[in-house]
Amino acid sequence: MIPNNKKPLQDSLTLYSPAKINIRLEILKKRKDGYHEIRTIFQKISLYDEITLKTTSEKGIRVTVNDPSIPVDYNNLAFKAASFLINDQRLATGLSININKKIPAGAGLGGGSSNAGTTLKGLNTLLNLNLSLKYLQKLSLSIGADVPFLLSEFNTAIATGIGEKLKPLTLKTKLWFLVVFPGLNISTRWAYNAFSKYNLLTKRGKNIIVENSVANIENTVSMLVNDFEDIVFSMYPEIKKINNNLMKAGAAGSLLSGSGSSVFGVFSAREDAEKALSGLTLRTSHKAFIVHSL
């Protein structure tokens, strides 16, 4: 039974699950526990999956997804998040999770992690658990290092540690992004292992001071660094070409997001992003999204 005799406030709930990009990503060192110490600037963007949670009389968790390539078992991060919470709170309720995917998988946009965070928040509301955000973030960290941010109320934040230590940033201007997904799935584990293998700990920008607010597009562009780019671009020349083409098409700056494979260009207006998109030559395997900062 639900603890403390609490009853669900309703039997279903639909939430939007936003994607993220990394405006900056530095890998500082490898820790003794095997994780990497990072510093990154997360930014939520207006690309969403839609998640519907529904309590059921049947025990267990059932996940359905509109994309057949997405797993529906414990390898699905929304499934894993629900399982963690149900076990942690000793709940007997059955659960149905329907995910309408718009965020491509393996793209460096945090789709799976966002689904996990949204599921935790949604279940906290749906099952009337009244758990604190801090508690949910602690529970979520073993699911993925970017889940605590995607769980948070922050739209922009600098994250340190393995990504769990968050400091909010204020983005004072609305930015537009042209995100291009080349249809390649890059494993984050592979990227970190490759980074460690070649000992590519960069010395650039380690002493950068990030203010509490980002004033304009110029400030944003000045912070664009991703330590995974050398590895990913050398392994996947196609991704490097997309990055270069975004700059040629008029982006103020462009960057790999996370460990890839998506690349985004930064623009001050939607019209500029649309013009850039019209000038790109995309393959049939590519997907492009014009989105803005949240």
# chains A, B, ... in the order shown; residues from 1 in each chain; ligands from 1
$ residues_around --residues "Asp88 (chain A)" --least-positions-apart "3" --cutoff "12 Å" --atoms "only C-alpha atoms" --output "list in words"
Ile2, Pro3, Lys80, Ala81, Ala82, Ser83, Phe84, Leu85, Leu91, Ala92, Leu120, Leu129, Leu131, Tyr135, Leu136, Lys138, Leu139 and Ser140 of chain A
$ select_by_dssp --residues "region 240-277 of chain A" --states "helix (DSSP H, G or I)" --output "list in words"
Lys240, Lys241, Ile242, Asn243, Asn244, Asn245, Leu246, Met247, Lys248, Arg270, Glu271, Asp272, Ala273, Glu274, Lys275, Ala276 and Leu277 of chain A
$ select_by_dssp --residues "region 42-90 of chain A" --states "strand (DSSP E)" --output "PyMOL selection string"
chain A and resi 42-56+61-65
$ atom_distance --atom1 "CA of Asp73 (chain A)" --atom2 "CA of Gly60 (chain A)"
11.1 Å
$ closest_atom_pairs --of "region 118-222 of chain A" --to "region 251-272 of chain A" --cutoff "8 Å" --atoms "only C-alpha atoms" --output "Markdown table"
| residue | atom | partner | partner_atom | distance |
| --- | --- | --- | --- | --- |
| A:Lys174 | CA | A:Ser268 | CA | 7.4 |
| A:Leu175 | CA | A:Ser268 | CA | 5.3 |
| A:Trp176 | CA | A:Phe267 | CA | 5.0 |
| A:Phe177 | CA | A:Val266 | CA | 4.8 |
| A:Leu178 | CA | A:Gly265 | CA | 5.1 |
| A:Val179 | CA | A:Phe264 | CA | 4.2 |
| A:Val180 | CA | A:Val263 | CA | 5.4 |
| A:Phe181 | CA | A:Ser262 | CA | 4.4 |
| A:Pro182 | CA | A:Ser262 | CA | 6.6 |
| A:Gly183 | CA | A:Ser261 | CA | 7.8 |
| A:Leu184 | CA | A:Ser261 | CA | 6.1 |
| A:Asn185 | CA | A:Ser261 | CA | 6.4 |
| A:Ile186 | CA | A:Ser261 | CA | 5.9 |
| A:Ser187 | CA | A:Ser259 | CA | 7.6 |
| A:Thr188 | CA | A:Ser259 | CA | 5.7 |
| A:Ala191 | CA | A:Ser259 | CA | 6.3 |
| A:Ile217 | CA | A:Ser268 | CA | 6.6 |
| A:Val221 | CA | A:Gly253 | CA | 5.6 |
$ decode --residues "region 156-202 of chain A" --atoms "N, CA and C atoms" --output "PDB file, in the first residue's frame"
ATOM      1  N   THR A 156      18.673  27.082 -16.318  1.00  0.00           N
ATOM      2  CA  THR A 156      20.096  27.208 -16.622  1.00  0.00           C
ATOM      3  C   THR A 156      20.865  27.018 -15.329  1.00  0.00           C
ATOM      4  N   ALA A 157      21.928  26.221 -15.360  1.00  0.00           N
ATOM      5  CA  ALA A 157      22.684  25.999 -14.125  1.00  0.00           C
ATOM      6  C   ALA A 157      24.092  25.550 -14.464  1.00  0.00           C
ATOM      7  N   ILE A 158      25.022  25.884 -13.579  1.00  0.00           N
ATOM      8  CA  ILE A 158      26.362  25.329 -13.662  1.00  0.00           C
ATOM      9  C   ILE A 158      26.411  24.146 -12.710  1.00  0.00           C
ATOM     10  N   ALA A 159      26.926  23.029 -13.196  1.00  0.00           N
ATOM     11  CA  ALA A 159      26.973  21.802 -12.410  1.00  0.00           C
ATOM     12  C   ALA A 159      28.422  21.366 -12.235  1.00  0.00           C
ATOM     13  N   THR A 160      28.754  20.957 -11.021  1.00  0.00           N
ATOM     14  CA  THR A 160      30.085  20.449 -10.722  1.00  0.00           C
ATOM     15  C   THR A 160      29.943  19.086 -10.048  1.00  0.00           C
ATOM     16  N   GLY A 161      31.076  18.554  -9.540  1.00  0.00           N
ATOM     17  CA  GLY A 161      31.072  17.190  -9.042  1.00  0.00           C
ATOM     18  C   GLY A 161      30.960  16.266 -10.239  1.00  0.00           C
ATOM     19  N   ILE A 162      30.029  15.309 -10.185  1.00  0.00           N
ATOM     20  CA  ILE A 162      29.767  14.488 -11.378  1.00  0.00           C
ATOM     21  C   ILE A 162      28.538  15.025 -12.111  1.00  0.00           C
ATOM     22  N   GLY A 163      28.093  16.203 -11.684  1.00  0.00           N
ATOM     23  CA  GLY A 163      26.939  16.857 -12.291  1.00  0.00           C
ATOM     24  C   GLY A 163      25.828  17.120 -11.311  1.00  0.00           C
ATOM     25  N   GLU A 164      26.036  16.701 -10.054  1.00  0.00           N
ATOM     26  CA  GLU A 164      24.959  16.786  -9.058  1.00  0.00           C
ATOM     27  C   GLU A 164      24.959  18.082  -8.253  1.00  0.00           C
ATOM     28  N   LYS A 165      26.073  18.799  -8.235  1.00  0.00           N
ATOM     29  CA  LYS A 165      26.148  20.042  -7.477  1.00  0.00           C
ATOM     30  C   LYS A 165      25.739  21.186  -8.393  1.00  0.00           C
ATOM     31  N   LEU A 166      24.589  21.774  -8.117  1.00  0.00           N
ATOM     32  CA  LEU A 166      23.986  22.731  -9.036  1.00  0.00           C
ATOM     33  C   LEU A 166      23.978  24.144  -8.466  1.00  0.00           C
ATOM     34  N   LYS A 167      24.309  25.084  -9.326  1.00  0.00           N
ATOM     35  CA  LYS A 167      24.205  26.497  -8.992  1.00  0.00           C
ATOM     36  C   LYS A 167      23.420  27.167 -10.111  1.00  0.00           C
ATOM     37  N   PRO A 168      22.277  27.795  -9.798  1.00  0.00           N
ATOM     38  CA  PRO A 168      21.465  28.376 -10.873  1.00  0.00           C
ATOM     39  C   PRO A 168      22.141  29.568 -11.520  1.00  0.00           C
ATOM     40  N   LEU A 169      21.930  29.711 -12.809  1.00  0.00           N
ATOM     41  CA  LEU A 169      22.377  30.869 -13.561  1.00  0.00           C
ATOM     42  C   LEU A 169      21.150  31.546 -14.161  1.00  0.00           C
ATOM     43  N   THR A 170      21.244  32.847 -14.337  1.00  0.00           N
ATOM     44  CA  THR A 170      20.162  33.594 -14.971  1.00  0.00           C
ATOM     45  C   THR A 170      20.567  33.949 -16.391  1.00  0.00           C
ATOM     46  N   LEU A 171      19.816  33.452 -17.352  1.00  0.00           N
ATOM     47  CA  LEU A 171      20.041  33.808 -18.749  1.00  0.00           C
ATOM     48  C   LEU A 171      19.144  34.995 -19.052  1.00  0.00           C
ATOM     49  N   LYS A 172      19.738  36.156 -19.223  1.00  0.00           N
ATOM     50  CA  LYS A 172      18.966  37.391 -19.315  1.00  0.00           C
ATOM     51  C   LYS A 172      18.344  37.632 -20.684  1.00  0.00           C
ATOM     52  N   THR A 173      18.771  36.861 -21.662  1.00  0.00           N
ATOM     53  CA  THR A 173      18.220  37.041 -22.998  1.00  0.00           C
ATOM     54  C   THR A 173      17.770  35.691 -23.548  1.00  0.00           C
ATOM     55  N   LYS A 174      16.691  35.686 -24.290  1.00  0.00           N
ATOM     56  CA  LYS A 174      16.205  34.454 -24.906  1.00  0.00           C
ATOM     57  C   LYS A 174      17.100  34.113 -26.088  1.00  0.00           C
ATOM     58  N   LEU A 175      17.602  32.902 -26.117  1.00  0.00           N
ATOM     59  CA  LEU A 175      18.460  32.452 -27.200  1.00  0.00           C
ATOM     60  C   LEU A 175      17.748  31.388 -28.027  1.00  0.00           C
ATOM     61  N   TRP A 176      18.102  31.337 -29.282  1.00  0.00           N
ATOM     62  CA  TRP A 176      17.564  30.330 -30.189  1.00  0.00           C
ATOM     63  C   TRP A 176      18.680  29.388 -30.598  1.00  0.00           C
ATOM     64  N   PHE A 177      18.338  28.129 -30.771  1.00  0.00           N
ATOM     65  CA  PHE A 177      19.323  27.114 -31.119  1.00  0.00           C
ATOM     66  C   PHE A 177      18.819  26.293 -32.304  1.00  0.00           C
ATOM     67  N   LEU A 178      19.693  26.045 -33.235  1.00  0.00           N
ATOM     68  CA  LEU A 178      19.432  25.085 -34.302  1.00  0.00           C
ATOM     69  C   LEU A 178      20.197  23.823 -33.932  1.00  0.00           C
ATOM     70  N   VAL A 179      19.457  22.805 -33.526  1.00  0.00           N
ATOM     71  CA  VAL A 179      20.052  21.546 -33.079  1.00  0.00           C
ATOM     72  C   VAL A 179      19.977  20.549 -34.220  1.00  0.00           C
ATOM     73  N   VAL A 180      21.112  19.963 -34.569  1.00  0.00           N
ATOM     74  CA  VAL A 180      21.156  18.966 -35.637  1.00  0.00           C
ATOM     75  C   VAL A 180      21.607  17.629 -35.047  1.00  0.00           C
ATOM     76  N   PHE A 181      20.759  16.628 -35.187  1.00  0.00           N
ATOM     77  CA  PHE A 181      21.071  15.269 -34.757  1.00  0.00           C
ATOM     78  C   PHE A 181      21.416  14.455 -35.992  1.00  0.00           C
ATOM     79  N   PRO A 182      22.641  13.936 -36.090  1.00  0.00           N
ATOM     80  CA  PRO A 182      23.066  13.258 -37.323  1.00  0.00           C
ATOM     81  C   PRO A 182      22.589  11.812 -37.454  1.00  0.00           C
ATOM     82  N   GLY A 183      21.799  11.343 -36.495  1.00  0.00           N
ATOM     83  CA  GLY A 183      21.297   9.977 -36.583  1.00  0.00           C
ATOM     84  C   GLY A 183      22.271   8.949 -36.054  1.00  0.00           C
ATOM     85  N   LEU A 184      23.300   9.408 -35.372  1.00  0.00           N
ATOM     86  CA  LEU A 184      24.298   8.523 -34.768  1.00  0.00           C
ATOM     87  C   LEU A 184      24.098   8.490 -33.259  1.00  0.00           C
ATOM     88  N   ASN A 185      24.173   7.295 -32.683  1.00  0.00           N
ATOM     89  CA  ASN A 185      24.071   7.159 -31.232  1.00  0.00           C
ATOM     90  C   ASN A 185      25.458   6.983 -30.643  1.00  0.00           C
ATOM     91  N   ILE A 186      25.844   7.889 -29.766  1.00  0.00           N
ATOM     92  CA  ILE A 186      27.163   7.823 -29.147  1.00  0.00           C
ATOM     93  C   ILE A 186      26.995   7.475 -27.675  1.00  0.00           C
ATOM     94  N   SER A 187      27.703   6.452 -27.248  1.00  0.00           N
ATOM     95  CA  SER A 187      27.646   6.030 -25.854  1.00  0.00           C
ATOM     96  C   SER A 187      28.459   6.986 -24.986  1.00  0.00           C
ATOM     97  N   THR A 188      27.833   7.502 -23.941  1.00  0.00           N
ATOM     98  CA  THR A 188      28.554   8.370 -23.001  1.00  0.00           C
ATOM     99  C   THR A 188      29.696   7.599 -22.346  1.00  0.00           C
ATOM    100  N   ARG A 189      29.454   6.324 -22.047  1.00  0.00           N
ATOM    101  CA  ARG A 189      30.513   5.500 -21.434  1.00  0.00           C
ATOM    102  C   ARG A 189      31.710   5.388 -22.370  1.00  0.00           C
ATOM    103  N   TRP A 190      31.442   5.166 -23.679  1.00  0.00           N
ATOM    104  CA  TRP A 190      32.542   5.097 -24.649  1.00  0.00           C
ATOM    105  C   TRP A 190      33.328   6.409 -24.656  1.00  0.00           C
ATOM    106  N   ALA A 191      32.616   7.518 -24.646  1.00  0.00           N
ATOM    107  CA  ALA A 191      33.274   8.824 -24.727  1.00  0.00           C
ATOM    108  C   ALA A 191      34.193   9.052 -23.527  1.00  0.00           C
ATOM    109  N   TYR A 192      33.707   8.733 -22.331  1.00  0.00           N
ATOM    110  CA  TYR A 192      34.546   8.899 -21.139  1.00  0.00           C
ATOM    111  C   TYR A 192      35.726   7.942 -21.157  1.00  0.00           C
ATOM    112  N   ASN A 193      35.489   6.692 -21.583  1.00  0.00           N
ATOM    113  CA  ASN A 193      36.589   5.729 -21.642  1.00  0.00           C
ATOM    114  C   ASN A 193      37.654   6.163 -22.639  1.00  0.00           C
ATOM    115  N   ALA A 194      37.212   6.682 -23.778  1.00  0.00           N
ATOM    116  CA  ALA A 194      38.152   7.160 -24.780  1.00  0.00           C
ATOM    117  C   ALA A 194      38.918   8.365 -24.258  1.00  0.00           C
ATOM    118  N   PHE A 195      38.228   9.224 -23.557  1.00  0.00           N
ATOM    119  CA  PHE A 195      38.858  10.402 -22.988  1.00  0.00           C
ATOM    120  C   PHE A 195      39.943   9.994 -21.998  1.00  0.00           C
ATOM    121  N   SER A 196      39.624   9.020 -21.139  1.00  0.00           N
ATOM    122  CA  SER A 196      40.591   8.543 -20.152  1.00  0.00           C
ATOM    123  C   SER A 196      41.763   7.831 -20.819  1.00  0.00           C
ATOM    124  N   LYS A 197      41.462   7.045 -21.858  1.00  0.00           N
ATOM    125  CA  LYS A 197      42.495   6.270 -22.543  1.00  0.00           C
ATOM    126  C   LYS A 197      43.575   7.176 -23.113  1.00  0.00           C
ATOM    127  N   TYR A 198      43.147   8.270 -23.699  1.00  0.00           N
ATOM    128  CA  TYR A 198      44.110   9.173 -24.333  1.00  0.00           C
ATOM    129  C   TYR A 198      44.528  10.325 -23.429  1.00  0.00           C
ATOM    130  N   ASN A 199      44.044  10.283 -22.179  1.00  0.00           N
ATOM    131  CA  ASN A 199      44.443  11.266 -21.167  1.00  0.00           C
ATOM    132  C   ASN A 199      44.351  12.686 -21.708  1.00  0.00           C
ATOM    133  N   LEU A 200      43.166  13.047 -22.165  1.00  0.00           N
ATOM    134  CA  LEU A 200      42.979  14.331 -22.832  1.00  0.00           C
ATOM    135  C   LEU A 200      42.482  15.432 -21.898  1.00  0.00           C
ATOM    136  N   LEU A 201      42.809  15.319 -20.613  1.00  0.00           N
ATOM    137  CA  LEU A 201      42.385  16.369 -19.690  1.00  0.00           C
ATOM    138  C   LEU A 201      42.913  17.716 -20.173  1.00  0.00           C
ATOM    139  N   THR A 202      42.006  18.553 -20.572  1.00  0.00           N
ATOM    140  CA  THR A 202      42.395  19.820 -21.179  1.00  0.00           C
ATOM    141  C   THR A 202      42.794  20.850 -20.123  1.00  0.00           C
TER     142      THR A 202
END
